[in-house]
Amino acid sequence: MLQQQYVELAELAGGFIHEIKNHLSTLGLNLQLLAEDFGEPQSQRERRSFDRIQRLQGECGRLVDISNDFLRFARVKDLERQPAHLDALIEEMVDFFGPTARQANVEIKVYLPGDLPPVLLDQDLFKQALLNLLLNAQQAMAGGGELTIQAVREPDWLVLCLIDTGKGMTEEVQSKIFRPFFSTRPGGSGLGLPTVRKIVEAHGGTIGVESEVSRGTKFTIRLPIPSAGVNGSGKGTSVETIANLNGKQMPLAEVMVPALDRGFLFGDAVYEVIRISKGKPFLMAEHMHRLARSLDAIRIAGVDLRRMEQRIRETITAGQYQEATVYIQVTRGAGLKRTHAFPAQATPLELFWVQEFVDPYVEARQHGASVTVVPDIRWDRCDIKSTNLLANVLAAQTAKDKQCVEAIFIEKDGTLSEGSHTSLFGVLDGQLLTAPNSNAILPGITRGLVLKLAERAKIPLREHVFKHADLPKISELFLTGTTSEVLPVVRVDDQQIGDGKPGPVTRRLQEAYQQAVNEAAG
Ligand code: PLP
């Protein structure tokens, strides 16, 4: 209902602006004629009139500009999205904008990886948004400067950043810039950035801004990468994420969890992530076993895991998933009110969903990744796979801020225990080391498999910790995890590991791991 009212109002406003524009064009034309009449003023009075006519012409032009901006803003509705390569589109825009930028002493630097996946774009509209941002950046750098355009791929998103070295914005201005009719520029309609945001959001994306006065501004646009990929011919398929809440199947977007659910309120819940490879869940028994252990550890009873496993298998078949992940979460359920101690009668909430997996680690697995080290501020039961992940979340964000793939926890005695969502292995004096299972780490399922594979490959092995101080002697380092698999690490903060390339033990285990996946998939 509200939506319909909005559409009607928007149409009415659009029609109104069109009408005004017609009259404005008559006004403009007549002012033009008047200006020509007074073009060579003979007297003081004529000069004053000529000045006034010019001012009126300016105002009239401004009204036309605002009307056009308004219509552009209102028109962002029905997109015609086609698979498109953002890198080509950016290059086209930079070519187009280059001369303007050069004139304004703005140097444009473009960093685009060669393997960006296609995204669904209404190219005309998206170019309009980009142009708006380019112009904004140029205006922010009145005396010239540098504009960096870069794109990176995240698992589900293509992330595009435009970074200028301009005058920047205060926090107050940043909080308002996407509001219609807010402008810091005299004569600005205040519709440029709201239109950009509308265009990005109409593509299912988001736009954010970070800015510092006198340093510059960074706009970050995130565009969804269609699942299952979109090929160049536009025949992409996307597999829906199917969820199951307490036995009821539904799209993930329709899952509703009660506000009193203890998972939501207290993190009173445990979870699992299972990889589906070539249509088959990998190491499912091991994951379900760990789930049973976690449930037991936090005293959640009455969950039929065999029934859950059956439901998961049915969902994988129904959705015809090939490369995917299953996320499972079981909470203690909802009490009648919020109290810390367990409610007398709460039925556990059982949720899982199956989601297509686009592997974000392909390149890192090949060339090695960088990690950072953060103090371990977690609790004393890291062996329970609970959803209380705040310390892990903060650690992972620190890693991301430093453009690292993972953060490694360091204990008070200097031990490197594990990653925020991975297990850690190192090769020291020819021996493969990893922390022994204890309360201090999660008993990683991939860790367990890799230990078996190492044993089979007769790689000397010891479940023993190593320390940060050992890093100069460590010849190889790698992470393991359900989605990261065997992921070489070639740099820890400023320290290079070994010769800076994935080492032979890591390579052998990567191969053995792949073989195990292939065998399991038949
Ligand atoms: N360590 C932590 C803290 C984790 O959160 C995870 C996975 O999420 C792992 C290790 C790796 O465990 P797995 O191999 O079972 O995915």
# chains A, B, ... in the order shown; residues from 1 in each chain; ligands from 1
>>> select_by_dssp(residues="stretch 167-412 of chain A", states="alpha helix (DSSP H)", output="tab-separated table (two decimals) with N, CA and C atoms, in the first residue's frame")
chain	number	residue	atom	x	y	z
A	171	GLU	N	32.40	14.61	9.86
A	171	GLU	CA	31.49	13.48	10.09
A	171	GLU	C	30.05	13.89	9.88
A	172	GLU	N	29.75	15.13	10.26
A	172	GLU	CA	28.37	15.61	10.12
A	172	GLU	C	27.97	15.63	8.64
A	173	VAL	N	28.87	16.16	7.82
A	173	VAL	CA	28.57	16.21	6.39
A	173	VAL	C	28.43	14.80	5.83
A	174	GLN	N	29.35	13.91	6.25
A	174	GLN	CA	29.29	12.51	5.76
A	174	GLN	C	27.93	11.89	6.06
A	175	SER	N	27.39	12.22	7.24
A	175	SER	CA	26.13	11.58	7.63
A	175	SER	C	24.95	12.09	6.80
A	176	LYS	N	25.18	13.20	6.09
A	176	LYS	CA	24.04	13.79	5.36
A	176	LYS	C	24.15	13.70	3.85
A	192	GLY	N	22.81	14.66	-6.52
A	192	GLY	CA	23.82	13.83	-7.18
A	192	GLY	C	24.09	12.54	-6.42
A	193	LEU	N	24.54	12.67	-5.17
A	193	LEU	CA	24.89	11.46	-4.41
A	193	LEU	C	23.67	10.62	-4.06
A	194	PRO	N	22.51	11.25	-3.72
A	194	PRO	CA	21.31	10.40	-3.52
A	194	PRO	C	20.99	9.57	-4.77
A	195	THR	N	21.21	10.16	-5.95
A	195	THR	CA	20.95	9.40	-7.18
A	195	THR	C	21.95	8.26	-7.32
A	196	VAL	N	23.22	8.56	-7.00
A	196	VAL	CA	24.24	7.50	-7.05
A	196	VAL	C	23.81	6.35	-6.13
A	197	ARG	N	23.41	6.72	-4.92
A	197	ARG	CA	23.03	5.67	-3.97
A	197	ARG	C	21.82	4.88	-4.49
A	198	LYS	N	20.86	5.61	-5.06
A	198	LYS	CA	19.67	4.93	-5.57
A	198	LYS	C	20.05	3.94	-6.68
A	199	ILE	N	20.97	4.38	-7.54
A	199	ILE	CA	21.39	3.52	-8.65
A	199	ILE	C	22.10	2.27	-8.10
A	200	VAL	N	23.01	2.49	-7.15
A	200	VAL	CA	23.76	1.35	-6.61
A	200	VAL	C	22.80	0.39	-5.91
A	201	GLU	N	21.87	0.94	-5.12
A	201	GLU	CA	20.95	0.07	-4.39
A	201	GLU	C	19.99	-0.65	-5.34
A	202	ALA	N	19.63	0.02	-6.43
A	202	ALA	CA	18.77	-0.64	-7.41
A	202	ALA	C	19.48	-1.84	-8.05
A	262	ARG	N	17.48	-17.32	22.48
A	262	ARG	CA	18.70	-17.14	23.28
A	262	ARG	C	19.97	-17.09	22.44
A	263	GLY	N	19.88	-17.62	21.25
A	263	GLY	CA	21.03	-17.48	20.35
A	263	GLY	C	21.22	-16.01	20.03
A	264	PHE	N	20.10	-15.35	19.74
A	264	PHE	CA	20.12	-13.92	19.42
A	264	PHE	C	20.52	-13.09	20.65
A	265	LEU	N	19.94	-13.42	21.82
A	265	LEU	CA	20.17	-12.59	23.00
A	265	LEU	C	21.55	-12.81	23.63
A	266	PHE	N	21.96	-14.09	23.73
A	266	PHE	CA	23.16	-14.39	24.52
A	266	PHE	C	24.27	-15.08	23.72
A	284	MET	N	30.97	-34.98	6.48
A	284	MET	CA	29.73	-34.66	7.19
A	284	MET	C	29.66	-35.35	8.55
A	285	ALA	N	30.05	-36.62	8.59
A	285	ALA	CA	29.97	-37.36	9.86
A	285	ALA	C	30.80	-36.65	10.93
A	286	GLU	N	32.00	-36.20	10.53
A	286	GLU	CA	32.89	-35.53	11.49
A	286	GLU	C	32.26	-34.22	12.00
A	287	HIS	N	31.65	-33.48	11.07
A	287	HIS	CA	31.02	-32.21	11.48
A	287	HIS	C	29.83	-32.47	12.40
A	288	MET	N	29.01	-33.48	12.08
A	288	MET	CA	27.84	-33.75	12.91
A	288	MET	C	28.28	-34.25	14.28
A	289	HIS	N	29.39	-34.96	14.29
A	289	HIS	CA	29.92	-35.45	15.56
A	289	HIS	C	30.38	-34.27	16.43
A	290	ARG	N	31.05	-33.31	15.78
A	290	ARG	CA	31.50	-32.13	16.55
A	290	ARG	C	30.30	-31.32	17.03
A	291	LEU	N	29.24	-31.27	16.20
A	291	LEU	CA	28.03	-30.54	16.61
A	291	LEU	C	27.43	-31.20	17.86
A	292	ALA	N	27.39	-32.52	17.85
A	292	ALA	CA	26.84	-33.25	19.01
A	292	ALA	C	27.66	-32.91	20.26
A	293	ARG	N	28.99	-32.84	20.05
A	293	ARG	CA	29.88	-32.55	21.17
A	293	ARG	C	29.64	-31.13	21.70
A	294	SER	N	29.48	-30.18	20.78
A	294	SER	CA	29.25	-28.79	21.19
A	294	SER	C	27.92	-28.66	21.94
A	295	LEU	N	26.88	-29.33	21.41
A	295	LEU	CA	25.55	-29.28	22.06
A	295	LEU	C	25.66	-29.82	23.49
A	296	ASP	N	26.37	-30.92	23.58
A	296	ASP	CA	26.55	-31.56	24.88
A	296	ASP	C	27.29	-30.62	25.83
A	297	ALA	N	28.33	-29.96	25.31
A	297	ALA	CA	29.16	-29.10	26.16
A	297	ALA	C	28.37	-27.92	26.73
A	305	LEU	N	19.95	-35.20	15.63
A	305	LEU	CA	20.93	-34.83	14.60
A	305	LEU	C	20.85	-35.74	13.38
A	306	ARG	N	20.34	-36.96	13.58
A	306	ARG	CA	20.21	-37.83	12.42
A	306	ARG	C	19.12	-37.29	11.49
A	307	ARG	N	18.06	-36.81	12.12
A	307	ARG	CA	16.97	-36.21	11.33
A	307	ARG	C	17.48	-34.94	10.63
A	308	MET	N	18.29	-34.17	11.34
A	308	MET	CA	18.82	-32.95	10.72
A	308	MET	C	19.70	-33.30	9.52
A	309	GLU	N	20.54	-34.30	9.70
A	309	GLU	CA	21.43	-34.71	8.61
A	309	GLU	C	20.61	-35.12	7.38
A	310	GLN	N	19.54	-35.86	7.65
A	310	GLN	CA	18.66	-36.30	6.56
A	310	GLN	C	18.07	-35.08	5.83
A	311	ARG	N	17.61	-34.10	6.63
A	311	ARG	CA	17.03	-32.89	6.02
A	311	ARG	C	18.06	-32.14	5.19
A	312	ILE	N	19.28	-32.10	5.69
A	312	ILE	CA	20.33	-31.39	4.95
A	312	ILE	C	20.58	-32.09	3.61
A	313	ARG	N	20.67	-33.41	3.65
A	313	ARG	CA	20.91	-34.16	2.40
A	313	ARG	C	19.76	-33.93	1.42
A	314	GLU	N	18.54	-33.92	1.95
A	314	GLU	CA	17.37	-33.70	1.06
A	314	GLU	C	17.43	-32.31	0.42
A	315	THR	N	17.87	-31.33	1.22
A	315	THR	CA	17.94	-29.95	0.70
A	315	THR	C	19.00	-29.84	-0.39
A	316	ILE	N	20.13	-30.52	-0.17
A	316	ILE	CA	21.21	-30.47	-1.18
A	316	ILE	C	20.69	-31.06	-2.49
A	317	THR	N	19.96	-32.16	-2.37
A	317	THR	CA	19.43	-32.80	-3.58
A	317	THR	C	18.38	-31.89	-4.23
A	318	ALA	N	17.47	-31.36	-3.40
A	318	ALA	CA	16.38	-30.54	-3.95
A	318	ALA	C	16.94	-29.31	-4.68
A	319	GLY	N	17.98	-28.70	-4.11
A	319	GLY	CA	18.53	-27.48	-4.71
A	319	GLY	C	19.56	-27.76	-5.80
A	362	VAL	N	41.05	-18.90	-4.14
A	362	VAL	CA	41.76	-19.55	-5.25
A	362	VAL	C	43.17	-18.99	-5.39
A	363	GLU	N	43.26	-17.67	-5.41
A	363	GLU	CA	44.57	-17.06	-5.65
A	363	GLU	C	45.50	-17.23	-4.46
A	364	ALA	N	44.93	-17.02	-3.26
A	364	ALA	CA	45.75	-17.14	-2.05
A	364	ALA	C	46.29	-18.57	-1.90
A	365	ARG	N	45.47	-19.55	-2.29
A	365	ARG	CA	45.91	-20.93	-2.19
A	365	ARG	C	47.10	-21.20	-3.11
A	366	GLN	N	47.13	-20.48	-4.20
A	366	GLN	CA	48.20	-20.68	-5.17
A	366	GLN	C	49.49	-19.94	-4.77
A	367	HIS	N	49.33	-18.69	-4.40
A	367	HIS	CA	50.52	-17.84	-4.18
A	367	HIS	C	50.85	-17.61	-2.71
A	390	LEU	N	32.55	-12.86	19.16
A	390	LEU	CA	32.93	-11.44	19.06
A	390	LEU	C	34.45	-11.25	18.94
A	391	ALA	N	35.21	-11.99	19.73
A	391	ALA	CA	36.68	-11.83	19.65
A	391	ALA	C	37.18	-12.25	18.26
A	392	ASN	N	36.56	-13.30	17.72
A	392	ASN	CA	36.96	-13.77	16.37
A	392	ASN	C	36.56	-12.74	15.31
A	393	VAL	N	35.39	-12.15	15.49
A	393	VAL	CA	34.90	-11.15	14.54
A	393	VAL	C	35.85	-9.95	14.52
A	394	LEU	N	36.21	-9.48	15.73
A	394	LEU	CA	37.10	-8.31	15.81
A	394	LEU	C	38.47	-8.63	15.22
A	395	ALA	N	38.94	-9.86	15.49
A	395	ALA	CA	40.25	-10.26	14.96
A	395	ALA	C	40.20	-10.29	13.43
A	396	ALA	N	39.13	-10.89	12.89
A	396	ALA	CA	39.02	-10.98	11.43
A	396	ALA	C	38.93	-9.59	10.80
A	397	GLN	N	38.27	-8.66	11.49
A	397	GLN	CA	38.17	-7.30	10.94
A	397	GLN	C	39.54	-6.62	10.95
A	398	THR	N	40.30	-6.86	12.02
A	398	THR	CA	41.66	-6.31	12.07
A	398	THR	C	42.45	-6.81	10.88
A	399	ALA	N	42.32	-8.13	10.60
A	399	ALA	CA	43.03	-8.71	9.47
A	399	ALA	C	42.59	-8.03	8.17
A	400	LYS	N	41.30	-7.88	8.02
A	400	LYS	CA	40.77	-7.27	6.79
A	400	LYS	C	41.28	-5.83	6.65
A	401	ASP	N	41.27	-5.09	7.75
A	401	ASP	CA	41.76	-3.70	7.72
A	401	ASP	C	43.21	-3.65	7.23
>>> residues_near_ligand(ligand="ligand 1", cutoff="6 Å", atoms="only C-alpha atoms and all ligand atoms", output="ChimeraX atom specification")
/A:418-423,442,444-447,480-482
>>> closest_residue(among="A:Ile410, A:Leu453, A:Ile384, A:Leu191", to="A:Ala129", atoms="only C-alpha atoms")
A:Leu191
>>> select_by_dssp(residues="stretch 334-520 of chain A", states="strand (DSSP E or B)", output="PyMOL selection string")
chain A and resi 334+349-356+369-375+386+406-410+415-419+423-428+431-434+461-463+466-467+474-481+485-492+495-496
>>> residues_around(residues="A:Phe70", least_positions_apart="2", cutoff="9 Å", atoms="only C-alpha atoms", output="mmCIF file with all heavy atoms, in the first residue's frame")
data_model
loop_
_atom_site.group_PDB
_atom_site.id
_atom_site.type_symbol
_atom_site.label_atom_id
_atom_site.label_comp_id
_atom_site.auth_asym_id
_atom_site.auth_seq_id
_atom_site.Cartn_x
_atom_site.Cartn_y
_atom_site.Cartn_z
ATOM 1 N N GLY A 14 7.126 13.701 -10.860
ATOM 2 C CA GLY A 14 7.819 13.664 -12.153
ATOM 3 C C GLY A 14 7.061 14.465 -13.192
ATOM 4 O O GLY A 14 7.633 15.282 -13.928
ATOM 5 N N ILE A 17 7.336 18.203 -12.514
ATOM 6 C CA ILE A 17 8.636 18.761 -12.910
ATOM 7 C C ILE A 17 8.711 18.921 -14.437
ATOM 8 O O ILE A 17 9.206 19.928 -14.948
ATOM 9 C CB ILE A 17 9.792 17.867 -12.408
ATOM 10 C CG1 ILE A 17 9.799 17.812 -10.881
ATOM 11 C CG2 ILE A 17 11.143 18.345 -12.932
ATOM 12 C CD1 ILE A 17 10.259 19.076 -10.200
ATOM 13 N N ASP A 65 18.626 22.667 -14.281
ATOM 14 C CA ASP A 65 19.559 21.636 -13.783
ATOM 15 C C ASP A 65 18.920 20.818 -12.660
ATOM 16 O O ASP A 65 18.999 19.592 -12.634
ATOM 17 C CB ASP A 65 20.857 22.274 -13.243
ATOM 18 C CG ASP A 65 21.732 22.777 -14.387
ATOM 19 O OD1 ASP A 65 21.449 22.387 -15.534
ATOM 20 O OD2 ASP A 65 22.669 23.562 -14.118
ATOM 21 N N ILE A 66 18.300 21.536 -11.700
ATOM 22 C CA ILE A 66 17.684 20.828 -10.575
ATOM 23 C C ILE A 66 16.585 19.900 -11.078
ATOM 24 O O ILE A 66 16.453 18.762 -10.640
ATOM 25 C CB ILE A 66 17.095 21.827 -9.541
ATOM 26 C CG1 ILE A 66 18.234 22.609 -8.886
ATOM 27 C CG2 ILE A 66 16.278 21.109 -8.482
ATOM 28 C CD1 ILE A 66 17.777 23.610 -7.855
ATOM 29 N N SER A 67 15.794 20.402 -12.048
ATOM 30 C CA SER A 67 14.698 19.579 -12.582
ATOM 31 C C SER A 67 15.266 18.324 -13.230
ATOM 32 O O SER A 67 14.748 17.222 -13.028
ATOM 33 C CB SER A 67 13.895 20.362 -13.629
ATOM 34 O OG SER A 67 13.450 21.558 -13.066
ATOM 35 N N ASN A 68 16.348 18.483 -13.997
ATOM 36 C CA ASN A 68 16.955 17.314 -14.642
ATOM 37 C C ASN A 68 17.488 16.334 -13.607
ATOM 38 O O ASN A 68 17.287 15.127 -13.726
ATOM 39 C CB ASN A 68 18.086 17.744 -15.585
ATOM 40 C CG ASN A 68 17.528 18.376 -16.840
ATOM 41 O OD1 ASN A 68 16.372 18.130 -17.207
ATOM 42 N ND2 ASN A 68 18.309 19.213 -17.492
ATOM 43 N N ARG A 72 16.267 12.540 -13.064
ATOM 44 C CA ARG A 72 17.233 11.424 -13.072
ATOM 45 C C ARG A 72 17.059 10.591 -11.805
ATOM 46 O O ARG A 72 17.082 9.368 -11.826
ATOM 47 C CB ARG A 72 18.664 11.960 -13.151
ATOM 48 C CG ARG A 72 19.228 11.927 -14.571
ATOM 49 C CD ARG A 72 20.730 12.096 -14.557
ATOM 50 N NE ARG A 72 21.093 13.447 -14.188
ATOM 51 C CZ ARG A 72 21.195 14.459 -15.052
ATOM 52 N NH1 ARG A 72 20.980 14.244 -16.332
ATOM 53 N NH2 ARG A 72 21.514 15.666 -14.655
ATOM 54 N N PHE A 73 16.895 11.296 -10.684
ATOM 55 C CA PHE A 73 16.734 10.617 -9.396
ATOM 56 C C PHE A 73 15.468 9.755 -9.416
ATOM 57 O O PHE A 73 15.473 8.590 -9.026
ATOM 58 C CB PHE A 73 16.650 11.667 -8.282
ATOM 59 C CG PHE A 73 16.459 11.091 -6.919
ATOM 60 C CD1 PHE A 73 17.524 10.493 -6.249
ATOM 61 C CD2 PHE A 73 15.230 11.134 -6.283
ATOM 62 C CE1 PHE A 73 17.363 9.960 -4.985
ATOM 63 C CE2 PHE A 73 15.061 10.605 -5.016
ATOM 64 C CZ PHE A 73 16.135 10.021 -4.365
ATOM 65 N N ALA A 74 14.365 10.369 -9.901
ATOM 66 C CA ALA A 74 13.080 9.667 -9.870
ATOM 67 C C ALA A 74 13.038 8.502 -10.856
ATOM 68 O O ALA A 74 12.306 7.548 -10.669
ATOM 69 C CB ALA A 74 11.952 10.658 -10.177
ATOM 70 N N ARG A 75 13.868 8.607 -11.907
ATOM 71 C CA ARG A 75 13.771 7.618 -12.980
ATOM 72 C C ARG A 75 14.453 6.287 -12.643
ATOM 73 O O ARG A 75 14.305 5.321 -13.362
ATOM 74 C CB ARG A 75 14.411 8.211 -14.250
ATOM 75 C CG ARG A 75 13.532 8.004 -15.471
ATOM 76 C CD ARG A 75 14.160 8.635 -16.681
ATOM 77 N NE ARG A 75 13.805 10.034 -16.838
ATOM 78 C CZ ARG A 75 14.674 10.985 -17.209
ATOM 79 N NH1 ARG A 75 15.927 10.697 -17.444
ATOM 80 N NH2 ARG A 75 14.270 12.235 -17.357
ATOM 81 N N SER A 189 22.381 20.753 -6.569
ATOM 82 C CA SER A 189 20.979 20.390 -6.362
ATOM 83 C C SER A 189 20.828 19.493 -5.138
ATOM 84 O O SER A 189 19.742 19.310 -4.618
ATOM 85 C CB SER A 189 20.447 19.652 -7.588
ATOM 86 O OG SER A 189 21.042 18.374 -7.679
ATOM 87 N N LEU A 191 21.164 16.379 -5.280
ATOM 88 C CA LEU A 191 20.558 15.124 -5.724
ATOM 89 C C LEU A 191 21.573 14.178 -6.364
ATOM 90 O O LEU A 191 21.237 13.047 -6.698
ATOM 91 C CB LEU A 191 19.423 15.412 -6.713
ATOM 92 C CG LEU A 191 18.145 15.933 -6.056
ATOM 93 C CD1 LEU A 191 17.179 16.453 -7.096
ATOM 94 C CD2 LEU A 191 17.481 14.848 -5.228
ATOM 95 N N THR A 195 21.211 10.164 -5.954
ATOM 96 C CA THR A 195 20.950 9.405 -7.184
ATOM 97 C C THR A 195 21.953 8.261 -7.318
ATOM 98 O O THR A 195 21.588 7.140 -7.666
ATOM 99 C CB THR A 195 21.033 10.329 -8.426
ATOM 100 O OG1 THR A 195 20.181 11.447 -8.194
ATOM 101 C CG2 THR A 195 20.592 9.606 -9.680
#
>>> residues_around(residues="A:Gly168", least_positions_apart="4", cutoff="8 Å", atoms="only C-alpha atoms", output="list in words")
Ala140, Ser211, Glu212, Val213, Ser214, Arg215, Gly216 and Thr217 of chain A
>>> write_last_selection(atoms="N, CA, C and O atoms", output="tab-separated table (two decimals), in the first residue's frame")
chain	number	residue	atom	x	y	z
A	140	ALA	N	36.19	18.06	-5.30
A	140	ALA	CA	36.76	18.04	-3.94
A	140	ALA	C	38.26	18.36	-3.97
A	140	ALA	O	38.85	18.66	-2.94
A	211	SER	N	35.76	9.51	5.19
A	211	SER	CA	36.40	10.75	4.80
A	211	SER	C	37.12	11.38	5.97
A	211	SER	O	36.75	11.18	7.13
A	212	GLU	N	38.14	12.12	5.65
A	212	GLU	CA	38.86	12.86	6.68
A	212	GLU	C	39.14	14.25	6.13
A	212	GLU	O	39.63	14.38	4.99
A	213	VAL	N	38.83	15.25	6.93
A	213	VAL	CA	39.02	16.63	6.47
A	213	VAL	C	40.50	16.85	6.13
A	213	VAL	O	41.38	16.42	6.86
A	214	SER	N	40.73	17.48	5.01
A	214	SER	CA	42.07	17.81	4.49
A	214	SER	C	42.87	16.58	4.02
A	214	SER	O	44.01	16.72	3.61
A	215	ARG	N	42.31	15.37	4.14
A	215	ARG	CA	43.04	14.18	3.69
A	215	ARG	C	42.42	13.59	2.42
A	215	ARG	O	43.10	13.23	1.49
A	216	GLY	N	41.10	13.49	2.43
A	216	GLY	CA	40.44	12.94	1.26
A	216	GLY	C	39.23	12.11	1.60
A	216	GLY	O	38.84	12.01	2.77
A	217	THR	N	38.65	11.52	0.56
A	217	THR	CA	37.39	10.79	0.72
A	217	THR	C	37.47	9.48	-0.05
A	217	THR	O	38.06	9.41	-1.12
>>> residues_around(residues="A:Arg153", least_positions_apart="4", cutoff="8 Å", atoms="only C-alpha atoms", output="MDAnalysis selection string")
chainID A and resid 116:117 157:159 360
>>> write_last_selection(atoms="C-alpha atoms", output="mmCIF file, in the first residue's frame")
data_model
loop_
_atom_site.group_PDB
_atom_site.id
_atom_site.type_symbol
_atom_site.label_atom_id
_atom_site.label_comp_id
_atom_site.auth_asym_id
_atom_site.auth_seq_id
_atom_site.Cartn_x
_atom_site.Cartn_y
_atom_site.Cartn_z
ATOM 1 C CA LEU A 116 37.019 -9.697 -11.968
ATOM 2 C CA PRO A 117 33.816 -11.675 -12.438
ATOM 3 C CA TRP A 157 30.739 -8.959 -3.797
ATOM 4 C CA LEU A 158 32.661 -6.957 -6.253
ATOM 5 C CA VAL A 159 34.034 -4.016 -4.303
ATOM 6 C CA PRO A 360 37.428 -16.622 -2.448
#
>>> residues_around(residues="A:Lys473", least_positions_apart="4", cutoff="9 Å", atoms="only C-alpha atoms", output="ChimeraX atom specification")
/A:427-429,469,497-498
>>> closest_residue(among="A:Pro251, A:Glu8, A:Leu283, A:Ile298", to="A:Gly448", atoms="only C-alpha atoms")
A:Leu283
>>> residues_around(residues="A:Ala253", least_positions_apart="5", cutoff="12 Å", atoms="only C-alpha atoms", output="list in words")
Glu240, Thr241, Ile242, Ala243, Asn244, Leu245 and Trp353 of chain A
>>> write_last_selection(atoms="N, CA and C atoms", output="PDB file, in the first residue's frame")
ATOM      1  N   GLU A 240      19.219 -20.487  -5.527  1.00  0.00           N
ATOM      2  CA  GLU A 240      18.655 -19.845  -4.353  1.00  0.00           C
ATOM      3  C   GLU A 240      19.233 -20.485  -3.087  1.00  0.00           C
ATOM      4  N   THR A 241      19.365 -19.673  -2.049  1.00  0.00           N
ATOM      5  CA  THR A 241      19.791 -20.227  -0.768  1.00  0.00           C
ATOM      6  C   THR A 241      18.568 -20.788  -0.059  1.00  0.00           C
ATOM      7  N   ILE A 242      18.577 -22.097   0.153  1.00  0.00           N
ATOM      8  CA  ILE A 242      17.416 -22.725   0.788  1.00  0.00           C
ATOM      9  C   ILE A 242      17.710 -22.918   2.271  1.00  0.00           C
ATOM     10  N   ALA A 243      16.790 -22.456   3.082  1.00  0.00           N
ATOM     11  CA  ALA A 243      16.954 -22.603   4.527  1.00  0.00           C
ATOM     12  C   ALA A 243      15.941 -23.607   5.056  1.00  0.00           C
ATOM     13  N   ASN A 244      16.201 -24.044   6.270  1.00  0.00           N
ATOM     14  CA  ASN A 244      15.271 -24.940   6.936  1.00  0.00           C
ATOM     15  C   ASN A 244      15.225 -24.542   8.407  1.00  0.00           C
ATOM     16  N   LEU A 245      14.042 -24.121   8.842  1.00  0.00           N
ATOM     17  CA  LEU A 245      13.874 -23.691  10.226  1.00  0.00           C
ATOM     18  C   LEU A 245      12.948 -24.686  10.917  1.00  0.00           C
ATOM     19  N   TRP A 353      21.032 -23.593   6.482  1.00  0.00           N
ATOM     20  CA  TRP A 353      20.791 -23.193   5.103  1.00  0.00           C
ATOM     21  C   TRP A 353      21.923 -23.690   4.209  1.00  0.00           C
TER      22      TRP A 353
END
>>> closest_residue(among="A:Val257, A:Leu351, A:Leu432, A:Ala10", to="A:Val76", atoms="only C-alpha atoms")
A:Ala10
>>> closest_atom_pairs(of="stretch 138-197 of chain A", to="stretch 110-114 of chain A", cutoff="10 Å", atoms="only C-alpha atoms", output="JSON lines")
{"residue": "A:Leu147", "atom": "CA", "partner": "A:Val110", "partner_atom": "CA", "distance": 8.4}
{"residue": "A:Thr148", "atom": "CA", "partner": "A:Val110", "partner_atom": "CA", "distance": 5.9}
{"residue": "A:Ile149", "atom": "CA", "partner": "A:Val110", "partner_atom": "CA", "distance": 4.8}
{"residue": "A:Gln150", "atom": "CA", "partner": "A:Tyr111", "partner_atom": "CA", "distance": 4.6}
{"residue": "A:Ala151", "atom": "CA", "partner": "A:Leu112", "partner_atom": "CA", "distance": 5.4}
{"residue": "A:Val152", "atom": "CA", "partner": "A:Pro113", "partner_atom": "CA", "distance": 6.9}
{"residue": "A:Arg153", "atom": "CA", "partner": "A:Pro113", "partner_atom": "CA", "distance": 8.6}
{"residue": "A:Leu160", "atom": "CA", "partner": "A:Leu112", "partner_atom": "CA", "distance": 9.2}
{"residue": "A:Cys161", "atom": "CA", "partner": "A:Tyr111", "partner_atom": "CA", "distance": 9.9}
{"residue": "A:Leu162", "atom": "CA", "partner": "A:Val110", "partner_atom": "CA", "distance": 9.4}
>>> atom_distance(atom1="atom CA of A:Phe178", atom2="atom CA of A:Asn22")
28.6 Å
